[in-house]
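Colleague: Input file: target-v6.cif. Contents: mmCIF, C-alpha atoms and all ligand atoms.
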data_model
#
loop_
_atom_site.label_atom_id
_atom_site.label_comp_id
_atom_site.auth_asym_id
_atom_site.auth_seq_id
_atom_site.Cartn_x
_atom_site.Cartn_y
_atom_site.Cartn_z
CA MET A 245 105.96 102.10 148.21
CA SER A 246 105.49 98.59 149.62
CA ASP A 247 108.03 97.46 152.21
CA ASP A 248 107.21 93.79 151.66
CA VAL A 249 110.22 91.49 151.87
CA ARG A 250 110.84 88.83 149.21
CA MET A 251 112.60 85.74 150.60
CA THR A 252 113.73 82.39 149.26
CA LEU A 253 112.48 79.35 151.17
CA ASP A 254 116.01 78.83 152.46
CA ASP A 255 115.99 82.41 153.81
CA VAL A 256 112.70 81.64 155.56
CA ARG A 257 114.16 78.44 157.04
CA VAL A 258 117.28 80.22 158.32
CA LEU A 259 115.19 83.05 159.81
CA ALA A 260 112.73 80.65 161.45
CA ARG A 261 115.49 78.54 163.01
CA ALA A 262 117.30 81.65 164.27
CA VAL A 263 114.14 83.00 165.93
CA LEU A 264 113.26 79.67 167.48
CA ARG A 265 116.79 79.06 168.76
CA ALA A 266 116.87 82.62 170.17
CA ALA A 267 113.55 81.89 171.88
CA GLY A 268 115.26 78.96 173.63
CA LEU A 269 114.12 75.90 171.66
CA SER A 270 116.53 72.98 171.41
CA ALA A 271 118.02 72.43 167.94
CA ALA A 272 115.76 69.40 167.33
CA HIS A 273 112.60 71.35 168.18
CA ALA A 274 113.72 74.46 166.27
CA ASP A 275 114.34 72.38 163.14
CA ALA A 276 111.02 70.53 163.34
CA VAL A 277 108.99 73.68 164.08
CA ALA A 278 110.81 75.73 161.41
CA GLU A 279 109.96 73.13 158.74
CA THR A 280 106.24 73.39 159.42
CA MET A 281 106.36 77.20 159.18
CA VAL A 282 108.39 77.07 155.96
CA ALA A 283 105.77 74.68 154.57
CA GLY A 284 102.92 77.02 155.60
CA GLU A 285 104.56 80.08 154.04
CA ARG A 286 105.57 78.10 150.92
CA ASP A 287 102.02 76.84 150.37
CA GLY A 288 100.37 80.23 150.87
CA CYS A 289 98.85 79.32 154.26
CA ARG A 290 99.59 82.68 155.84
CA SER A 291 97.75 82.06 159.11
CA HIS A 292 100.13 79.16 159.76
CA GLY A 293 103.33 80.45 158.11
CA VAL A 294 106.05 82.69 159.58
CA TYR A 295 103.42 84.68 161.47
CA ARG A 296 103.42 81.66 163.81
CA LEU A 297 107.01 82.52 164.85
CA LEU A 298 105.48 85.27 167.01
CA VAL A 299 103.03 82.74 168.43
CA ALA A 300 105.68 80.08 169.12
CA ALA A 301 108.10 82.57 170.72
CA ASN A 302 105.26 83.85 172.91
CA SER A 303 104.45 80.31 174.10
CA VAL A 304 108.09 79.80 175.10
CA ALA A 305 108.34 83.19 176.80
CA LYS A 306 105.15 82.56 178.79
CA GLY A 307 106.40 79.16 179.97
CA VAL A 308 103.59 77.29 178.20
CA VAL A 309 105.92 75.00 176.24
CA ALA A 310 108.94 72.96 177.33
CA PRO A 311 111.61 74.19 174.87
CA ASP A 312 113.91 71.18 175.17
CA ALA A 313 111.44 68.35 175.83
CA VAL A 314 112.52 64.94 174.58
CA PRO A 315 109.56 62.99 173.15
CA VAL A 316 109.18 59.42 174.44
CA VAL A 317 107.75 56.80 172.06
CA SER A 318 105.83 53.78 173.40
CA GLU A 319 103.55 51.01 172.05
CA PRO A 320 100.41 50.65 174.19
CA ALA A 321 99.08 47.91 171.86
CA ARG A 322 100.13 46.18 168.67
CA ALA A 323 98.58 48.73 166.31
CA LEU A 324 98.98 51.75 168.60
CA VAL A 325 101.82 54.22 169.07
CA ARG A 326 101.95 56.84 171.77
CA VAL A 327 104.40 59.72 171.93
CA ASP A 328 104.59 61.64 175.18
CA GLY A 329 105.79 65.03 174.00
CA GLY A 330 106.84 66.10 177.52
CA GLY A 331 105.17 69.49 177.08
CA GLY A 332 107.10 70.35 173.92
CA PHE A 333 105.79 71.42 170.52
CA ALA A 334 103.90 68.73 168.59
CA GLN A 335 106.12 68.74 165.49
CA LEU A 336 109.05 66.84 167.00
CA ALA A 337 106.69 64.37 168.70
CA PHE A 338 105.05 63.63 165.34
CA GLU A 339 108.44 63.27 163.65
CA ARG A 340 109.48 60.73 166.29
CA GLY A 341 106.23 58.71 166.12
CA ARG A 342 105.65 58.73 162.36
CA PRO A 343 107.98 55.89 161.28
CA LEU A 344 106.46 53.43 163.77
CA LEU A 345 102.93 54.53 162.86
CA ALA A 346 103.62 53.81 159.17
CA GLU A 347 105.27 50.49 160.00
CA LYS A 348 102.29 49.38 162.09
CA ALA A 349 99.74 50.56 159.49
CA ARG A 350 101.54 48.37 156.94
CA ALA A 351 101.70 45.41 159.33
CA TYR A 352 98.09 45.55 160.56
CA GLY A 353 96.25 47.50 157.86
CA ILE A 354 95.37 50.29 160.29
CA ALA A 355 97.23 51.96 163.14
CA ALA A 356 96.85 55.02 165.32
CA LEU A 357 99.31 57.45 166.86
CA ALA A 358 98.43 59.50 169.94
CA LEU A 359 100.54 62.53 170.66
CA ASN A 360 100.13 63.40 174.33
CA ASN A 361 101.25 66.37 176.35
CA VAL A 362 102.15 68.54 173.35
CA VAL A 363 101.67 72.21 172.47
CA HIS A 364 99.97 72.82 169.11
CA PHE A 365 100.01 75.97 167.01
CA ALA A 366 100.27 74.51 163.51
CA ALA A 367 98.32 73.31 160.50
CA LEU A 368 97.73 69.55 160.28
CA TRP A 369 98.08 69.06 156.52
CA PRO A 370 101.89 68.58 156.62
CA GLU A 371 101.31 65.46 158.71
CA VAL A 372 98.57 63.80 156.64
CA GLU A 373 100.29 64.82 153.40
CA ALA A 374 103.54 63.14 154.52
CA LEU A 375 101.70 59.91 155.37
CA ALA A 376 99.76 59.98 152.09
CA GLU A 377 103.03 60.55 150.19
CA ASP A 378 104.07 57.23 151.77
CA GLY A 379 100.98 55.54 150.31
CA LEU A 380 98.80 55.63 153.45
CA VAL A 381 95.34 57.10 153.98
CA ALA A 382 95.53 59.43 156.99
CA ILE A 383 93.22 61.33 159.33
CA ALA A 384 94.44 63.78 161.98
CA VAL A 385 92.49 65.71 164.62
CA THR A 386 93.40 67.94 167.56
CA PRO A 387 91.43 70.14 169.96
CA SER A 388 92.74 73.63 170.80
CA HIS A 389 91.54 76.24 173.33
CA ALA A 390 87.83 76.79 174.12
CA TRP A 391 87.13 79.70 171.78
CA VAL A 392 84.15 78.35 169.82
CA ALA A 393 80.48 78.25 170.83
CA PRO A 394 78.36 75.18 169.99
CA ALA A 395 75.57 75.74 167.45
CA GLY A 396 72.64 77.15 169.40
CA GLY A 397 74.84 78.61 172.16
CA MET A 398 77.15 81.58 172.64
CA GLN A 399 79.64 80.43 175.25
CA PRO A 400 82.95 78.93 174.07
CA VAL A 401 83.23 75.17 174.63
CA PHE A 402 85.11 73.84 171.61
CA GLY A 403 88.47 74.64 170.17
CA THR A 404 88.88 75.51 166.51
CA ASN A 405 89.43 71.73 166.24
CA PRO A 406 90.81 70.95 162.77
CA ILE A 407 90.19 67.76 160.80
CA ALA A 408 92.77 66.78 158.18
CA PHE A 409 92.54 63.96 155.65
CA GLY A 410 95.09 62.62 153.19
CA TRP A 411 94.60 60.15 150.32
CA PRO A 412 97.48 58.85 148.18
CA ARG A 413 97.21 59.39 144.41
CA PRO A 414 99.27 57.49 141.86
CA GLY A 415 101.75 59.80 140.18
CA GLY A 416 100.55 63.05 141.75
CA HIS A 417 100.18 65.07 144.93
CA PRO A 418 97.89 63.41 147.49
CA PHE A 419 94.29 64.53 147.91
CA VAL A 420 94.42 66.50 151.15
CA PHE A 421 92.01 68.68 153.03
CA ASP A 422 92.55 70.32 156.37
CA PHE A 423 90.17 72.77 157.97
CA ALA A 424 89.03 74.05 161.32
CA THR A 425 85.55 73.03 162.47
CA SER A 426 85.07 76.69 163.41
CA ALA A 427 83.88 79.02 160.62
CA VAL A 428 87.55 79.86 160.10
CA ALA A 429 90.86 79.28 161.89
CA ARG A 430 91.48 81.71 164.75
CA GLY A 431 94.79 82.64 163.11
CA GLU A 432 92.82 84.10 160.20
CA ILE A 433 90.83 86.34 162.56
CA GLU A 434 94.09 87.40 164.23
CA LEU A 435 95.51 88.38 160.81
CA HIS A 436 92.35 90.46 160.16
CA ARG A 437 92.77 92.18 163.52
CA ARG A 438 96.43 92.96 162.81
CA ALA A 439 95.52 94.40 159.38
CA GLY A 440 92.58 96.40 160.84
CA LYS A 441 90.19 94.57 158.50
CA PRO A 442 86.57 93.63 159.34
CA VAL A 443 85.55 89.96 159.37
CA PRO A 444 82.31 88.52 157.91
CA ASP A 445 79.50 88.80 160.46
CA ASP A 446 78.98 85.01 160.60
CA TRP A 447 82.43 84.22 162.00
CA GLY A 448 81.55 84.95 165.61
CA TYR A 449 79.90 86.92 168.38
CA ASP A 450 81.11 89.73 170.63
CA ALA A 451 81.27 89.20 174.39
CA GLY A 452 77.62 90.20 174.62
CA GLY A 453 76.58 87.42 172.20
CA GLN A 454 75.88 89.75 169.26
CA PRO A 455 77.15 89.01 165.72
CA THR A 456 79.97 91.42 164.85
CA THR A 457 82.41 92.27 162.06
CA ASP A 458 85.02 93.50 164.56
CA ALA A 459 87.87 90.92 164.60
CA ALA A 460 89.05 91.93 168.09
CA ALA A 461 85.49 91.62 169.43
CA VAL A 462 85.19 88.08 168.05
CA LEU A 463 88.53 87.17 169.63
CA ASP A 464 87.18 88.44 172.98
CA GLY A 465 83.76 86.84 172.46
CA ALA A 466 83.05 83.49 170.80
CA MET A 467 83.77 82.07 167.37
CA ARG A 468 81.11 80.06 165.50
CA THR A 469 81.34 76.54 164.13
CA PHE A 470 81.08 76.06 160.35
CA GLY A 471 77.89 74.51 158.97
CA GLY A 472 75.74 75.05 162.07
CA HIS A 473 74.91 71.85 163.98
CA LYS A 474 77.04 69.73 161.61
CA GLY A 475 80.28 71.58 162.33
CA SER A 476 79.32 71.64 166.00
CA ALA A 477 79.01 67.83 166.12
CA LEU A 478 82.32 67.41 164.28
CA ALA A 479 83.98 69.80 166.74
CA ALA A 480 82.63 67.64 169.60
CA MET A 481 83.98 64.51 167.85
CA VAL A 482 87.46 66.07 167.66
CA GLU A 483 87.31 66.93 171.38
CA LEU A 484 86.40 63.30 172.20
CA LEU A 485 88.87 61.55 169.86
CA ALA A 486 91.92 63.63 170.73
CA GLY A 487 90.89 64.40 174.31
CA PRO A 488 89.32 61.79 176.61
CA LEU A 489 89.93 58.86 174.19
CA ILE A 490 93.69 59.32 174.38
CA GLY A 491 93.75 60.56 177.98
CA ASP A 492 94.41 64.17 177.09
CA MET A 493 92.82 67.59 177.52
CA THR A 494 89.63 69.01 176.09
CA SER A 495 89.79 72.57 174.76
CA ARG A 496 88.20 73.85 178.01
CA GLU A 497 90.84 72.05 180.06
CA SER A 498 93.56 73.43 177.78
CA ILE A 499 92.49 77.05 178.18
CA ASP A 500 92.15 76.53 181.94
CA ALA A 501 95.70 75.11 182.03
CA ASP A 502 96.91 78.16 180.10
CA ALA A 503 95.68 80.27 183.03
CA GLY A 504 95.50 83.52 181.06
CA ARG A 505 99.06 83.33 179.70
CA GLY A 506 97.85 83.53 176.10
CA GLY A 507 99.92 80.56 174.92
CA SER A 508 99.13 77.98 172.26
CA PRO A 509 96.83 75.03 173.04
CA ILE A 510 98.18 72.26 175.25
CA GLY A 511 96.96 68.66 174.89
CA GLY A 512 96.84 65.82 172.42
CA GLU A 513 96.45 64.87 168.79
CA LEU A 514 95.20 61.64 167.22
CA ILE A 515 96.50 60.46 163.85
CA ILE A 516 95.05 57.37 162.15
CA ALA A 517 96.86 55.73 159.24
CA ILE A 518 95.31 53.10 156.95
CA ASP A 519 97.16 51.02 154.38
CA PRO A 520 94.91 50.49 151.32
CA ALA A 521 96.55 47.08 150.86
CA GLY A 522 95.04 46.01 154.21
CA PHE A 523 91.56 45.53 152.75
CA LEU A 524 92.55 45.29 149.11
CA GLY A 525 95.81 43.37 148.91
CA ASP A 526 97.04 43.16 145.32
CA ALA A 527 93.88 44.90 144.09
CA ALA A 528 94.81 48.18 145.86
CA ALA A 529 96.07 49.91 142.69
CA GLU A 530 92.93 48.97 140.78
CA HIS A 531 90.67 50.48 143.46
CA LEU A 532 92.78 53.62 143.93
CA ALA A 533 92.34 54.14 140.19
CA ARG A 534 88.56 54.22 140.75
CA ALA A 535 89.10 57.11 143.17
CA GLU A 536 90.77 58.97 140.30
CA VAL A 537 87.49 58.76 138.36
CA MET A 538 85.78 60.63 141.19
CA PHE A 539 88.49 63.31 141.30
CA ALA A 540 88.21 63.73 137.53
CA ALA A 541 84.42 64.17 137.81
CA ILE A 542 84.96 66.98 140.32
CA GLU A 543 87.52 68.78 138.19
CA ALA A 544 85.67 68.21 134.91
CA GLN A 545 82.98 70.65 136.02
CA GLY A 546 85.39 73.43 136.97
CA ALA A 547 85.33 72.68 140.70
CA ARG A 548 88.70 72.43 142.35
CA LEU A 549 90.11 69.85 144.71
CA PRO A 550 91.15 70.93 148.19
CA SER A 551 94.91 71.57 148.29
CA GLN A 552 95.00 72.46 144.59
CA ARG A 553 95.53 76.13 145.51
CA ARG A 554 98.20 75.07 147.99
CA TYR A 555 100.10 72.93 145.48
CA ALA A 556 99.99 75.78 142.94
CA ALA A 557 101.31 78.20 145.59
CA ARG A 558 104.08 75.69 146.33
CA GLU A 559 105.18 75.66 142.68
CA ARG A 560 105.29 79.47 142.63
CA SER A 561 107.15 79.73 145.94
CA LEU A 562 109.75 77.17 144.89
CA ALA A 563 110.39 79.20 141.75
CA GLU A 564 110.03 82.78 143.03
CA GLY A 565 110.28 82.66 146.82
CA VAL A 566 107.66 84.20 149.11
CA VAL A 567 106.73 87.72 150.13
CA VAL A 568 106.48 88.58 153.83
CA PRO A 569 104.78 91.86 154.82
CA GLY A 570 107.40 94.39 156.01
CA ALA A 571 105.76 95.04 159.40
CA LEU A 572 105.59 91.31 160.17
CA HIS A 573 109.20 90.83 159.04
CA ARG A 574 110.35 93.61 161.41
CA GLU A 575 108.39 92.11 164.29
CA ILE A 576 110.00 88.72 163.62
CA LEU A 577 113.53 90.19 163.38
CA ALA A 578 112.99 91.91 166.71
CA LEU A 579 112.83 88.45 168.29
CA ILE A 580 116.52 87.86 167.47
CA PRO A 581 118.81 89.78 169.83
CA GLY A 582 121.15 92.12 167.90
CA GLU A 583 119.10 92.02 164.66
CA VAL A 584 117.23 95.31 165.07
P1 LIG B 601 89.92 76.99 155.20
O1 LIG B 601 88.52 77.32 155.57
O2 LIG B 601 90.69 77.94 154.39
O3 LIG B 601 89.85 75.56 154.50
C1 LIG B 601 91.00 74.92 154.21
C2 LIG B 601 90.77 73.65 153.41
O4 LIG B 601 89.69 73.75 152.47
C3 LIG B 601 92.01 73.44 152.60
O5 LIG B 601 92.21 72.06 152.43
C4 LIG B 601 91.65 74.17 151.31
O6 LIG B 601 92.47 73.84 150.21
C5 LIG B 601 90.22 73.75 151.12
N1 LIG B 601 89.47 74.70 150.30
C6 LIG B 601 89.31 76.02 150.52
N2 LIG B 601 88.55 76.57 149.55
C7 LIG B 601 88.22 75.57 148.70
C8 LIG B 601 87.45 75.50 147.50
N3 LIG B 601 86.87 76.56 146.99
N4 LIG B 601 87.33 74.30 146.89
C9 LIG B 601 87.92 73.20 147.40
N5 LIG B 601 88.65 73.21 148.54
C10 LIG B 601 88.81 74.38 149.18
O7 LIG B 601 90.85 76.69 156.47
P2 LIG B 601 90.63 76.97 158.00
O8 LIG B 601 90.66 78.44 158.22
O9 LIG B 601 89.46 76.24 158.50
O10 LIG B 601 91.97 76.29 158.60
C11 LIG B 601 93.24 76.75 158.19
C12 LIG B 601 94.33 75.98 158.88
O11 LIG B 601 94.31 76.22 160.27
C13 LIG B 601 94.27 74.46 158.72
O12 LIG B 601 95.48 74.07 158.11
C14 LIG B 601 94.19 73.92 160.13
O13 LIG B 601 94.94 72.74 160.39
C15 LIG B 601 94.77 75.06 160.92
N6 LIG B 601 94.26 75.01 162.31
C16 LIG B 601 95.02 74.44 163.27
C17 LIG B 601 94.54 74.33 164.56
C18 LIG B 601 95.29 73.66 165.64
O14 LIG B 601 94.78 73.57 166.75
N7 LIG B 601 96.48 73.17 165.42
C19 LIG B 601 93.22 74.86 164.91
C20 LIG B 601 92.49 75.38 163.78
C21 LIG B 601 93.01 75.46 162.53
P3 LIG B 601 93.61 74.92 149.76
O15 LIG B 601 94.61 74.94 150.89
O16 LIG B 601 94.15 74.39 148.48
O17 LIG B 601 92.92 76.24 149.59
O1 LIG B 602 94.23 79.12 163.96
O2 LIG B 602 92.65 78.31 165.27
C1 LIG B 602 93.83 78.41 164.91
C2 LIG B 602 94.84 77.63 165.66
C3 LIG B 602 94.76 77.13 166.92
C4 LIG B 602 95.93 76.47 167.16
C5 LIG B 602 96.67 76.56 166.05
N1 LIG B 602 95.99 77.27 165.12
#
Can the structure from this file be put into structure tokens for me?
Modeller:
Amino acid sequence: MSDDVRMTLDDVRVLARAVLRAAGLSAAHADAVAETMVAGERDGCRSHGVYRLLVAANSVAKGVVAPDAVPVVSEPARALVRVDGGGGFAQLAFERGRPLLAEKARAYGIAALALNNVVHFAALWPEVEALAEDGLVAIAVTPSHAWVAPAGGMQPVFGTNPIAFGWPRPGGHPFVFDFATSAVARGEIELHRRAGKPVPDDWGYDAGGQPTTDAAAVLDGAMRTFGGHKGSALAAMVELLAGPLIGDMTSRESIDADAGRGGSPIGGELIIAIDPAGFLGDAAAEHLARAEVMFAAIEAQGARLPSQRRYAARERSLAEGVVVPGALHREILALIPGEV
């Protein structure tokens, strides 16, 4: 008999906050971090759902993250916002910088937000989706830890370096994609290792540089980029945009700063927001409607849009709740003193 646990989204929120508060996060951080995990679980993004409670609690326990950091917002230039996260998780820093980013994008047509000195363990789609829900086009990138070999090499240089994009759609969910520039997110390989399942042999190499289906061996060796040299170049772009360009760490520097503690990546994130009215003025609606023709042409042939699976999962979860594997649920409960 399955020992899976069915939970409402409110149950998930209460559990996540309790774990994060027990781990030592301030109320503001616990709320912001819990919301991103609820969103991941709700949308069927298991590698970035409540499983990440274990990851976040570990980062606090290992002293990688400042649990009560207060983000500081500044304006380095008219169309730029910077949030110094003070070593805290990225979610609260984004929350604090987002209103000014949107305001500046509307004022100048385009604006950028740099999050500096933050710890990142999460998916990026909640951020670009929120901006696109506000009518803005958004791009977000962040490096992670050096786990990924460049195409043609076998030594880790890049992080799993996600790229997320959001596009507002009249009367519907935004068009959003968000994926790692590695063959797959590391969290997915970790879930395979936990479940004792093999991974496809093109996800990574073992420590000796040989392709392997052993998830633990890939985690100890090197992951591969997606799409060969193309993913490799995009991974390098993410390093540059959200590393040196904003005065923050590359994935190599992040893993060096971790110093073997096994915490989440430390560094920066760059988020760019564009107001369609900047170029288009009153004609914005007319041109956004032309984008709909392209989306329709994709769907008309049976192909799906990115995020379509996620939005469908969201509908189901709102109606039926979510199911958390029993073993994971017990591991999470064990993080709250007195619960087990
Ligand atoms: P996937 O390879 O699963 O790709 C995810 C994206 O591709 C989603 O937008 C997904 O939409 C879309 N997609 C998947 N299959 C199809 C299809 N058949 N047709 C159209 N679109 C499709 O994700 P990854 O493993 O690369 O990344 C997972 C998450 O990990 C991301 O959210 C990323 O932000 C996060 N991550 C975070 C890092 C960090 O440092 N903070 C580092 C690396 C990853 P849908 O969701 O609807 O399936
Ligand atoms: O799954 O690769 C990943 C990841 C890294 C940081 C957050 N998620």
Colleague: I need every residue sitting at most 8 Å from the point (93.0, 83.5, 158.4) (coordinates as in the file, all atoms listed in the file considered), written as a ChimeraX atom specification.
Modeller: /A:290-291,428-436
Colleague: Could you please extract the residues within 9 Å of ligand LIG 602 (chain B), counting all atoms listed in the file, and hand them back as a list in words?
Modeller: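 Counting all atoms listed in the file, the residues within 9 Å of ligand LIG 602 (chain B) come out as Ser291, His292, Arg296, Val363, His364, Phe365, Ala366, Ala367, Thr386, Pro387, Ser388, His389, Trp391, Gly403, Thr404, Asn405, Pro406, Ala424, Ser426, Val428, Ala429, Arg430, Gly431, Glu432, Ile433, Glu434, Ser508 and Pro509 of chain A.
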Colleague: How would the residues just chosen look if you wrote them out with C-alpha atoms as a PDB file, in the frame of the given file?
Modeller:
ATOM      1  CA  SER A 291      97.750  82.060 159.110  1.00  0.00           C
ATOM      2  CA  HIS A 292     100.130  79.160 159.760  1.00  0.00           C
ATOM      3  CA  ARG A 296     103.420  81.660 163.810  1.00  0.00           C
ATOM      4  CA  VAL A 363     101.670  72.210 172.470  1.00  0.00           C
ATOM      5  CA  HIS A 364      99.970  72.820 169.110  1.00  0.00           C
ATOM      6  CA  PHE A 365     100.010  75.970 167.010  1.00  0.00           C
ATOM      7  CA  ALA A 366     100.270  74.510 163.510  1.00  0.00           C
ATOM      8  CA  ALA A 367      98.320  73.310 160.500  1.00  0.00           C
ATOM      9  CA  THR A 386      93.400  67.940 167.560  1.00  0.00           C
ATOM     10  CA  PRO A 387      91.430  70.140 169.960  1.00  0.00           C
ATOM     11  CA  SER A 388      92.740  73.630 170.800  1.00  0.00           C
ATOM     12  CA  HIS A 389      91.540  76.240 173.330  1.00  0.00           C
ATOM     13  CA  TRP A 391      87.130  79.700 171.780  1.00  0.00           C
ATOM     14  CA  GLY A 403      88.470  74.640 170.170  1.00  0.00           C
ATOM     15  CA  THR A 404      88.880  75.510 166.510  1.00  0.00           C
ATOM     16  CA  ASN A 405      89.430  71.730 166.240  1.00  0.00           C
ATOM     17  CA  PRO A 406      90.810  70.950 162.770  1.00  0.00           C
ATOM     18  CA  ALA A 424      89.030  74.050 161.320  1.00  0.00           C
ATOM     19  CA  SER A 426      85.070  76.690 163.410  1.00  0.00           C
ATOM     20  CA  VAL A 428      87.550  79.860 160.100  1.00  0.00           C
ATOM     21  CA  ALA A 429      90.860  79.280 161.890  1.00  0.00           C
ATOM     22  CA  ARG A 430      91.480  81.710 164.750  1.00  0.00           C
ATOM     23  CA  GLY A 431      94.790  82.640 163.110  1.00  0.00           C
ATOM     24  CA  GLU A 432      92.820  84.100 160.200  1.00  0.00           C
ATOM     25  CA  ILE A 433      90.830  86.340 162.560  1.00  0.00           C
ATOM     26  CA  GLU A 434      94.090  87.400 164.230  1.00  0.00           C
ATOM     27  CA  SER A 508      99.130  77.980 172.260  1.00  0.00           C
ATOM     28  CA  PRO A 509      96.830  75.030 173.040  1.00  0.00           C
TER      29      PRO A 509
END
Colleague: Which residues are close to stretch 564-573 of chain A, i.e. within 9 Å by only C-alpha atoms, leaving aside same-chain residues fewer than 3 positions away? Reply as a list in words.
Modeller: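 Contacts, with the query itself left out: Ser246, Asp247, Asp248, Val249, Arg250, Met251, Thr252, Leu253, Asp254, Val256, Glu285, Arg286, Gly288, Val294, Tyr295, Glu559, Arg560, Ser561, Ile576, Leu577 and Ala578 of chain A.
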Colleague: At a cut-off of 9 Å from (100.0, 47.5, 168.6) in the coordinates of the file, what residues are picked up using all atoms listed in the file, written as number ranges by chain?
Modeller: A: 319-325, 348, 352, 355-356
Colleague: Rounded to one decimal place, report the atom CA of A:Ile515-atom CA of A:Ala503 distance in Å.
Modeller: 27.6 Å
Colleague: Hey, what's within 8 Å of stretch 541-551 of chain A if we count only C-alpha atoms and toss same-chain stuff fewer than 4 positions away? As an NGL selection string, please?
Modeller: :A and (419-421 or 537 or 555)
Colleague: Got a sec: who's within 12 Å of A:Ser495, counting only C-alpha atoms, leaving out chain neighbours fewer than 2 positions off, as a PyMOL selection string?
Modeller: chain A and resi 364+386-393+400-405+479-480+482-484+486-488+492-493+497-502+508-513
Colleague: Taking all listed atoms of stretch 513-523 of chain A, build the axis-aligned box, pad each of the six sides by 8 Å, then write its centre and edge lengths in Å to one decimal as AutoDock Vina command-line options.
Modeller:
--center_x 94.4 --center_y 55.2 --center_z 159.8 --size_x 21.6 --size_y 35.3 --size_z 33.9
Colleague: Could you work out how far atom O2 of ligand LIG 601 (chain B) lies from atom CA of A:Arg257, giving the answer in Å with one decimal?
Modeller: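 Computed distance, atom CA of A:Arg257 to atom O2 of ligand LIG 601 (chain B), equals 23.6 Å.
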Colleague: Would you work out the distance separating atom CA of A:Gly332 from atom CA of A:Ile580, expressed in Å to one decimal?
Modeller: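 Value for the atom CA of A:Gly332-atom CA of A:Ile580 distance: 20.9 Å.
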Colleague: Nearest to A:Ile407: which of A:Asp464, A:Asp378, A:Asp287, A:Asp422 is it, counting all atoms listed in the file?
Modeller: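 Ranked by minimum distance to A:Ile407, first place goes to A:Asp422.
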Colleague: For A:Gly396, find every residue with an atom within 12 Å (counting all atoms listed in the file), except residues of its own chain fewer than 2 positions away, and show them as a PyMOL selection string.
Modeller: chain A and resi 392-394+398-401+453+468-469+471-477
Colleague: Between A:Val263, A:Ala427, A:Ala461, A:Val299, which residue has the minimum interatomic distance to ligand LIG 601 (chain B), considering all atoms listed in the file?
Modeller: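 Result for the nearest residue to ligand LIG 601 (chain B): A:Ala427.
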Colleague: For each of A:Ala460, A:Leu298, A:Leu562, A:Ala408, take the minimum atom-to-atom distance to ligand LIG 601 (chain B), counting only C-alpha atoms and all ligand atoms, then give the residue where this is smallest.
Modeller: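 Smallest distance to ligand LIG 601 (chain B) is found for A:Ala408.
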Colleague: For A:Met481, which residue out of A:Thr425, A:Ser318, A:Gln552, A:Thr456 is the nearest one, using only C-alpha atoms?
Modeller: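 Among the listed residues, the smallest separation from A:Met481 belongs to A:Thr425.
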Colleague: Let me make sure I understand: among A:Thr280, A:Arg350, A:Arg326, A:Asp312, which one has the smallest atom-to-atom distance to ligand LIG 601 (chain B) if we use all atoms listed in the file?
Modeller: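 Counting all atoms listed in the file, the residue closest to ligand LIG 601 (chain B) is A:Thr280.
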Colleague: Which residue gives the smallest distance to A:Ala276 among A:Glu371, A:Val327, A:Ala349, A:Ala305, with all atoms listed in the file counted?
Modeller: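 Among the listed residues, A:Glu371 lies closest to A:Ala276.
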Colleague: What would stretch 506-513 of chain A look like with N, CA, C and O atoms in place, written as a PDB file, keeping the file's coordinate frame?
Modeller:
ATOM      1  N   GLY A 506      97.960  83.218 177.537  1.00  0.00           N
ATOM      2  CA  GLY A 506      97.850  83.530 176.100  1.00  0.00           C
ATOM      3  C   GLY A 506      98.755  82.678 175.238  1.00  0.00           C
ATOM      4  O   GLY A 506      99.155  83.085 174.142  1.00  0.00           O
ATOM      5  N   GLY A 507      99.067  81.461 175.705  1.00  0.00           N
ATOM      6  CA  GLY A 507      99.920  80.560 174.920  1.00  0.00           C
ATOM      7  C   GLY A 507      99.106  79.711 173.968  1.00  0.00           C
ATOM      8  O   GLY A 507      97.875  79.788 173.927  1.00  0.00           O
ATOM      9  N   SER A 508      99.800  78.879 173.188  1.00  0.00           N
ATOM     10  CA  SER A 508      99.130  77.980 172.260  1.00  0.00           C
ATOM     11  C   SER A 508      98.495  76.811 173.015  1.00  0.00           C
ATOM     12  O   SER A 508      98.893  76.511 174.147  1.00  0.00           O
ATOM     13  N   PRO A 509      97.521  76.136 172.374  1.00  0.00           N
ATOM     14  CA  PRO A 509      96.830  75.030 173.040  1.00  0.00           C
ATOM     15  C   PRO A 509      97.766  73.905 173.483  1.00  0.00           C
ATOM     16  O   PRO A 509      98.731  73.558 172.809  1.00  0.00           O
ATOM     17  N   ILE A 510      97.401  73.333 174.640  1.00  0.00           N
ATOM     18  CA  ILE A 510      98.180  72.260 175.250  1.00  0.00           C
ATOM     19  C   ILE A 510      97.295  71.021 175.226  1.00  0.00           C
ATOM     20  O   ILE A 510      96.115  71.118 175.555  1.00  0.00           O
ATOM     21  N   GLY A 511      97.814  69.853 174.852  1.00  0.00           N
ATOM     22  CA  GLY A 511      96.960  68.660 174.890  1.00  0.00           C
ATOM     23  C   GLY A 511      97.441  67.593 173.953  1.00  0.00           C
ATOM     24  O   GLY A 511      98.640  67.335 173.859  1.00  0.00           O
ATOM     25  N   GLY A 512      96.493  66.973 173.229  1.00  0.00           N
ATOM     26  CA  GLY A 512      96.840  65.820 172.420  1.00  0.00           C
ATOM     27  C   GLY A 512      96.434  65.943 170.968  1.00  0.00           C
ATOM     28  O   GLY A 512      95.793  66.913 170.559  1.00  0.00           O
ATOM     29  N   GLU A 513      96.834  64.964 170.208  1.00  0.00           N
ATOM     30  CA  GLU A 513      96.450  64.870 168.790  1.00  0.00           C
ATOM     31  C   GLU A 513      96.326  63.379 168.484  1.00  0.00           C
ATOM     32  O   GLU A 513      97.115  62.572 168.991  1.00  0.00           O
TER      33      GLU A 513
END
